[in-house]
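For reference, the structure is listed below as structure tokens.
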Amino acid sequence: MEAQEKTRKSNFELLRIVAMLMVVANHYADTAASGCYRANDFLLNRIVNSLYVPLGGGQTGVAIFFMLSGYFLVHGAAKKQKAFQLVITTVCYAWLSFIVFAAAKASGYYSFPGVHLRDVLATLVIPISSGNFWFITTYLLLYFISPLLNDFLKGLEKKRFVLFLLFCYAFWYILALAYRGTFGYYNLQRAVFFYAWGAYLRLYPSPGKRGGMRRLLPPLAGSVLCWLLSAAASYFRYLPDGSDAGGMRELLLLGVQGGVLTPLWALTLFLFFQRLPAFSSPPINKIASATFGIYLLHTCTGVSSLFYNRFPGIFRQYRSRLYPLHSVLAIAGFYAACCVFELLRQKIVRNFQKNKPQTGKTIA
């Protein structure tokens, strides 16, 4: 385990942290966008929130996670132990979600408007296949089929690989994005597309020396540009009274945002961190190891509903002139709290496994 830890590249681990932070920030700001926008908003608050909320659901961050999977798994192998650990982690947070939900409801502290008990029970009983943790359901399906997918991708020459990516983009990503309400496998299709893109970057790396400043500037500039354009699309999606723009205007903005800016932003961010000089930082690797748990913790019904709608007072914060500061502190604080909680959970699980009696055969 120690030898494996030494080989982990912290530039990619740092990318995991950034991608997870993007998802948390998006979910935080999405709450304000769905319940706070009014005609008399402070302009700065609307601009700041638009910077947080590009692409509902943190699609760019999720795309990066799938690209990372393709990048590392294409020369690796799906491992039963890792899949088992992912399932155990998901089960832990499914139970936590139910406990927090039941306690808050019973005490009258929070009523969870719009949340149905059947969904909470489904997450408790079948956390992997219920779809309520949609990313986990999709990721494990992708993980299980990755050996077959890797054999197919590695058998493609470069030109055919590019054609395959274009096909996936046009028919598995764009069309599914436009009709995701009726495409039942939209999330898996999106995952396969970005997984294949990550695998392509591993199998056919760009030539030249890595780490040079000249090679860092283009992806960095492209990433910032995609972020600003996506933020502008988020801003103009809403009318002055806070309602959705609707019609062709909203359709066009969402199409450009999801169909063009999301993959470009994910690609430029990925390339920037890929081209950073390789280094190893145990603290960064440790924090990155918690990203899976952070995702589950901040999306499970009991914790996420209380945080986004209760504890930080997002609606009240958004009405304040100090919202830019409040939002940064709230997002960073929630991310840090989730990280600490997940690292503690990992430690408890490791201690339990260490102290668990061995039942296998002994060898004399």
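Ordered as shown in the structure tokens, chains take letters A, B, and onward, while each chain numbers its residues from 1 and ligands are numbered from 1 in the order shown.
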inquiry  = Can you pull out the residues contacting region 135-152 of chain A? Cut-off 7 Å, using only C-alpha atoms, and skip same-chain residues under 3 positions away; I want them as a list of chain:residue names.
reply    =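 Returned residues: A:Val74, A:Ala77, A:Ala78, A:Ile128, A:Ser129, A:Gly131, A:Gly155, A:Leu156, A:Asn187, A:Leu188.
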task = Within 7 Å of Glu13 (chain A), counting only C-alpha atoms, which residues show up once you throw out same-chain ones fewer than 5 positions away? Write them as a list in words, please.
result =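 Residues meeting the cut-off are Ile284, Asn285 and Ala288 of chain A.
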Could those selected residues go to a file with C-alpha atoms, as a tab-separated table (two decimals), in the first residue's frame?
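Output below, filename out02.tsv:
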```
chain	number	residue	atom	x	y	z
A	284	ILE	CA	-2.86	16.41	-1.25
A	285	ASN	CA	-3.16	12.67	-1.84
A	288	ALA	CA	-8.02	13.59	-2.67
```
key: Atom pair CA of Ala39 (chain A) / CA of Pro240 (chain A): separation (Å)   =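 Those two atoms sit 4.8 Å apart.
Between Asp30 (chain A) and the residues A:Tyr235, A:Tyr335, A:Phe171, A:Phe272, the shortest atom-to-atom distance, using only C-alpha atoms, involves A:Tyr235.
Residue neighbourhood of region 256-261 of chain A, excluding near-sequence residues (fewer than 4 positions): A:Leu55, A:Ile174, A:Cys226, A:Ser230, A:Ala233, A:Leu252, A:Trp265, at 7 Å, using only C-alpha atoms.
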For those residues, write all heavy atoms to a file as a PDB file, in the first residue's frame.
```
ATOM      1  N   LEU A  55     -23.404  25.203 -15.314  1.00  0.00           N
ATOM      2  CA  LEU A  55     -23.702  23.805 -15.578  1.00  0.00           C
ATOM      3  C   LEU A  55     -24.281  23.122 -14.350  1.00  0.00           C
ATOM      4  O   LEU A  55     -23.561  22.701 -13.458  1.00  0.00           O
ATOM      5  CB  LEU A  55     -22.458  23.070 -16.071  1.00  0.00           C
ATOM      6  CG  LEU A  55     -21.755  23.773 -17.219  1.00  0.00           C
ATOM      7  CD1 LEU A  55     -20.449  23.110 -17.534  1.00  0.00           C
ATOM      8  CD2 LEU A  55     -22.631  23.811 -18.447  1.00  0.00           C
ATOM      9  N   ILE A 174     -24.493  14.633 -27.265  1.00  0.00           N
ATOM     10  CA  ILE A 174     -25.327  15.761 -27.658  1.00  0.00           C
ATOM     11  C   ILE A 174     -26.804  15.387 -27.728  1.00  0.00           C
ATOM     12  O   ILE A 174     -27.661  16.045 -27.120  1.00  0.00           O
ATOM     13  CB  ILE A 174     -24.861  16.340 -29.011  1.00  0.00           C
ATOM     14  CG1 ILE A 174     -23.464  16.947 -28.869  1.00  0.00           C
ATOM     15  CG2 ILE A 174     -25.846  17.397 -29.508  1.00  0.00           C
ATOM     16  CD1 ILE A 174     -23.396  18.119 -27.930  1.00  0.00           C
ATOM     17  N   CYS A 226     -13.666  29.261 -20.769  1.00  0.00           N
ATOM     18  CA  CYS A 226     -14.861  28.416 -20.704  1.00  0.00           C
ATOM     19  C   CYS A 226     -15.670  28.694 -19.449  1.00  0.00           C
ATOM     20  O   CYS A 226     -16.905  28.725 -19.481  1.00  0.00           O
ATOM     21  CB  CYS A 226     -14.459  26.941 -20.746  1.00  0.00           C
ATOM     22  SG  CYS A 226     -13.865  26.366 -22.347  1.00  0.00           S
ATOM     23  N   SER A 230     -19.400  30.151 -19.575  1.00  0.00           N
ATOM     24  CA  SER A 230     -20.449  29.348 -18.965  1.00  0.00           C
ATOM     25  C   SER A 230     -21.162  30.132 -17.868  1.00  0.00           C
ATOM     26  O   SER A 230     -22.382  30.020 -17.694  1.00  0.00           O
ATOM     27  CB  SER A 230     -19.849  28.066 -18.386  1.00  0.00           C
ATOM     28  OG  SER A 230     -20.858  27.139 -18.037  1.00  0.00           O
ATOM     29  N   ALA A 233     -23.561  32.433 -19.536  1.00  0.00           N
ATOM     30  CA  ALA A 233     -24.765  31.707 -19.949  1.00  0.00           C
ATOM     31  C   ALA A 233     -25.687  31.473 -18.768  1.00  0.00           C
ATOM     32  O   ALA A 233     -26.917  31.593 -18.895  1.00  0.00           O
ATOM     33  CB  ALA A 233     -24.371  30.369 -20.590  1.00  0.00           C
ATOM     34  N   LEU A 252     -31.029  27.690 -26.203  1.00  0.00           N
ATOM     35  CA  LEU A 252     -29.740  27.971 -26.837  1.00  0.00           C
ATOM     36  C   LEU A 252     -28.625  28.069 -25.803  1.00  0.00           C
ATOM     37  O   LEU A 252     -27.538  27.508 -25.982  1.00  0.00           O
ATOM     38  CB  LEU A 252     -29.831  29.263 -27.641  1.00  0.00           C
ATOM     39  CG  LEU A 252     -28.546  29.712 -28.356  1.00  0.00           C
ATOM     40  CD1 LEU A 252     -28.111  28.664 -29.368  1.00  0.00           C
ATOM     41  CD2 LEU A 252     -28.748  31.067 -29.030  1.00  0.00           C
ATOM     42  N   TRP A 265     -14.320  22.778 -21.209  1.00  0.00           N
ATOM     43  CA  TRP A 265     -13.818  23.154 -19.885  1.00  0.00           C
ATOM     44  C   TRP A 265     -13.161  21.956 -19.206  1.00  0.00           C
ATOM     45  O   TRP A 265     -12.081  22.068 -18.623  1.00  0.00           O
ATOM     46  CB  TRP A 265     -14.972  23.704 -19.041  1.00  0.00           C
ATOM     47  CG  TRP A 265     -14.543  24.396 -17.781  1.00  0.00           C
ATOM     48  CD1 TRP A 265     -13.283  24.679 -17.382  1.00  0.00           C
ATOM     49  CD2 TRP A 265     -15.402  24.902 -16.759  1.00  0.00           C
ATOM     50  NE1 TRP A 265     -13.287  25.329 -16.162  1.00  0.00           N
ATOM     51  CE2 TRP A 265     -14.582  25.472 -15.768  1.00  0.00           C
ATOM     52  CE3 TRP A 265     -16.780  24.926 -16.593  1.00  0.00           C
ATOM     53  CZ2 TRP A 265     -15.105  26.063 -14.607  1.00  0.00           C
ATOM     54  CZ3 TRP A 265     -17.310  25.517 -15.448  1.00  0.00           C
ATOM     55  CH2 TRP A 265     -16.479  26.071 -14.470  1.00  0.00           C
TER      56      TRP A 265
END
```
ask   = Between A:Lys286, A:Arg321, A:Arg46, A:Arg202, which one has atoms that come closest to Leu153 (chain A), using only C-alpha atoms?
value =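 Among the listed residues, A:Arg202 lies closest to Leu153 (chain A).
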inquiry  = From a backbone DSSP assignment, name each residue in region 43-249 of chain A labelled alpha helix (DSSP H), as number ranges by chain.
reply    = A: 43-52, 59-73, 80-107, 117-125, 134-154, 158-167, 175-178, 186-203, 213-236, 247-249
inquiry  = So that I can see what lies close to region 102-108 of chain A, please list as a list in words the residues with an atom at most 9 Å from it, counting only C-alpha atoms and leaving out residues fewer than 5 positions away in the same chain.
reply    = Ser97, Gly302 and Leu306 of chain A
Written selection (all heavy atoms) as a PDB file, in the first residue's frame:
```pdb
ATOM      1  N   SER A  97     -27.735   8.968   5.782  1.00  0.00           N
ATOM      2  CA  SER A  97     -28.818   9.766   5.223  1.00  0.00           C
ATOM      3  C   SER A  97     -30.137   9.442   5.897  1.00  0.00           C
ATOM      4  O   SER A  97     -30.905  10.346   6.274  1.00  0.00           O
ATOM      5  CB  SER A  97     -28.915   9.519   3.714  1.00  0.00           C
ATOM      6  OG  SER A  97     -30.026  10.203   3.160  1.00  0.00           O
ATOM      7  N   GLY A 302     -30.323  13.505   3.896  1.00  0.00           N
ATOM      8  CA  GLY A 302     -30.361  14.089   5.227  1.00  0.00           C
ATOM      9  C   GLY A 302     -29.401  15.237   5.415  1.00  0.00           C
ATOM     10  O   GLY A 302     -29.763  16.306   5.912  1.00  0.00           O
ATOM     11  N   LEU A 306     -30.235  19.612   4.897  1.00  0.00           N
ATOM     12  CA  LEU A 306     -30.014  20.446   6.070  1.00  0.00           C
ATOM     13  C   LEU A 306     -28.980  21.524   5.800  1.00  0.00           C
ATOM     14  O   LEU A 306     -29.136  22.675   6.212  1.00  0.00           O
ATOM     15  CB  LEU A 306     -29.571  19.584   7.256  1.00  0.00           C
ATOM     16  CG  LEU A 306     -30.645  18.733   7.927  1.00  0.00           C
ATOM     17  CD1 LEU A 306     -30.036  17.875   9.019  1.00  0.00           C
ATOM     18  CD2 LEU A 306     -31.752  19.596   8.499  1.00  0.00           C
TER      19      LEU A 306
END
```
remark   = If you count only C-alpha atoms, the residue of A:Arg237, A:Leu203, A:Ser281, A:Phe311 closest to Glu157 (chain A) turns out to be A:Leu203
inquiry  = Between A:Val91, A:Lys158, A:Ala178, A:Leu220, which residue has the minimum interatomic distance to Val125 (chain A), considering only C-alpha atoms?
reply    = A:Val91
If we count only C-alpha atoms, what is near Ala32 (chain A) at a cut-off of 12 Å, once residues fewer than 3 positions away on the same chain are taken out, given as a JSON list (two decimals) with N, CA and C atoms, in the first residue's frame?
```json
[["chain", "number", "residue", "atom", "x", "y", "z"],
["A", 25, "ALA", "N", -19.51, 23.62, -4.88],
["A", 25, "ALA", "CA", -19.86, 25.02, -5.11],
["A", 25, "ALA", "C", -21.09, 25.15, -5.98],
["A", 26, "ASN", "N", -21.18, 24.30, -7.00],
["A", 26, "ASN", "CA", -22.34, 24.34, -7.88],
["A", 26, "ASN", "C", -23.63, 24.00, -7.14],
["A", 27, "HIS", "N", -23.60, 22.95, -6.33],
["A", 27, "HIS", "CA", -24.79, 22.57, -5.59],
["A", 27, "HIS", "C", -25.20, 23.66, -4.59],
["A", 28, "TYR", "N", -24.22, 24.30, -3.99],
["A", 28, "TYR", "CA", -24.52, 25.41, -3.07],
["A", 28, "TYR", "C", -25.20, 26.56, -3.81],
["A", 29, "ALA", "N", -24.61, 26.98, -4.92],
["A", 29, "ALA", "CA", -25.13, 28.13, -5.65],
["A", 29, "ALA", "C", -26.44, 27.81, -6.36],
["A", 35, "GLY", "N", -34.09, 29.44, -5.65],
["A", 35, "GLY", "CA", -35.03, 29.96, -4.66],
["A", 35, "GLY", "C", -34.86, 31.40, -4.24],
["A", 36, "CYS", "N", -33.84, 32.07, -4.75],
["A", 36, "CYS", "CA", -33.52, 33.41, -4.26],
["A", 36, "CYS", "C", -33.62, 34.52, -5.29],
["A", 37, "TYR", "N", -33.48, 34.21, -6.55],
["A", 37, "TYR", "CA", -33.36, 35.27, -7.56],
["A", 37, "TYR", "C", -34.61, 36.14, -7.61],
["A", 38, "ARG", "N", -34.38, 37.45, -7.59],
["A", 38, "ARG", "CA", -35.46, 38.43, -7.70],
["A", 38, "ARG", "C", -34.97, 39.61, -8.53],
["A", 41, "ASP", "N", -32.16, 42.01, -6.94],
["A", 41, "ASP", "CA", -30.92, 41.41, -6.42],
["A", 41, "ASP", "C", -29.76, 42.39, -6.55],
["A", 45, "ASN", "N", -23.97, 39.97, -6.36],
["A", 45, "ASN", "CA", -24.39, 38.65, -5.89],
["A", 45, "ASN", "C", -24.81, 37.76, -7.04],
["A", 46, "ARG", "N", -25.53, 38.33, -8.00],
["A", 46, "ARG", "CA", -25.94, 37.55, -9.17],
["A", 46, "ARG", "C", -24.72, 37.10, -9.97],
["A", 48, "VAL", "N", -21.56, 36.70, -8.85],
["A", 48, "VAL", "CA", -20.82, 35.71, -8.08],
["A", 48, "VAL", "C", -21.51, 34.36, -8.14],
["A", 49, "ASN", "N", -22.83, 34.35, -8.00],
["A", 49, "ASN", "CA", -23.55, 33.09, -8.03],
["A", 49, "ASN", "C", -23.47, 32.44, -9.41],
["A", 50, "SER", "N", -23.45, 33.26, -10.44],
["A", 50, "SER", "CA", -23.32, 32.72, -11.80],
["A", 50, "SER", "C", -21.95, 32.07, -12.01],
["A", 52, "TYR", "N", -20.39, 30.44, -9.69],
["A", 52, "TYR", "CA", -20.44, 29.16, -8.98],
["A", 52, "TYR", "C", -21.28, 28.12, -9.71],
["A", 53, "VAL", "N", -22.34, 28.58, -10.38],
["A", 53, "VAL", "CA", -23.37, 27.67, -10.82],
["A", 53, "VAL", "C", -23.28, 27.22, -12.28],
["A", 242, "GLY", "N", -36.12, 37.14, -12.00],
["A", 242, "GLY", "CA", -35.63, 35.92, -11.38],
["A", 242, "GLY", "C", -36.18, 34.64, -11.98],
["A", 308, "TYR", "N", -27.82, 22.85, 2.73],
["A", 308, "TYR", "CA", -28.15, 23.85, 1.71],
["A", 308, "TYR", "C", -29.35, 24.70, 2.09],
["A", 309, "ASN", "N", -30.27, 24.14, 2.87],
["A", 309, "ASN", "CA", -31.50, 24.89, 3.17],
["A", 309, "ASN", "C", -31.61, 25.36, 4.61],
["A", 312, "PRO", "N", -26.36, 27.03, 6.76],
["A", 312, "PRO", "CA", -25.66, 28.27, 6.40],
["A", 312, "PRO", "C", -26.59, 29.42, 6.07],
["A", 313, "GLY", "N", -27.90, 29.13, 5.97],
["A", 313, "GLY", "CA", -28.84, 30.19, 5.64],
["A", 313, "GLY", "C", -28.56, 30.80, 4.28],
["A", 314, "ILE", "N", -28.55, 29.97, 3.24],
["A", 314, "ILE", "CA", -28.19, 30.43, 1.91],
["A", 314, "ILE", "C", -29.09, 31.57, 1.45],
["A", 315, "PHE", "N", -30.39, 31.43, 1.70],
["A", 315, "PHE", "CA", -31.31, 32.47, 1.25],
["A", 315, "PHE", "C", -31.00, 33.81, 1.92],
["A", 316, "ARG", "N", -30.69, 33.75, 3.22],
["A", 316, "ARG", "CA", -30.35, 34.98, 3.94],
["A", 316, "ARG", "C", -29.01, 35.53, 3.49],
["A", 317, "GLN", "N", -28.06, 34.64, 3.26],
["A", 317, "GLN", "CA", -26.74, 35.07, 2.79],
["A", 317, "GLN", "C", -26.84, 35.78, 1.44],
["A", 318, "TYR", "N", -27.67, 35.23, 0.56],
["A", 318, "TYR", "CA", -27.77, 35.79, -0.78],
["A", 318, "TYR", "C", -28.34, 37.21, -0.77],
["A", 319, "ARG", "N", -29.12, 37.53, 0.22],
["A", 319, "ARG", "CA", -29.69, 38.87, 0.32],
["A", 319, "ARG", "C", -28.70, 39.88, 0.91],
["A", 323, "TYR", "N", -22.47, 38.56, 0.57],
["A", 323, "TYR", "CA", -22.64, 37.22, 0.00],
["A", 323, "TYR", "C", -21.36, 36.68, -0.64],
["A", 327, "SER", "N", -20.36, 33.20, 0.88],
["A", 327, "SER", "CA", -20.44, 32.02, 0.03],
["A", 327, "SER", "C", -19.10, 31.28, -0.01]]
```
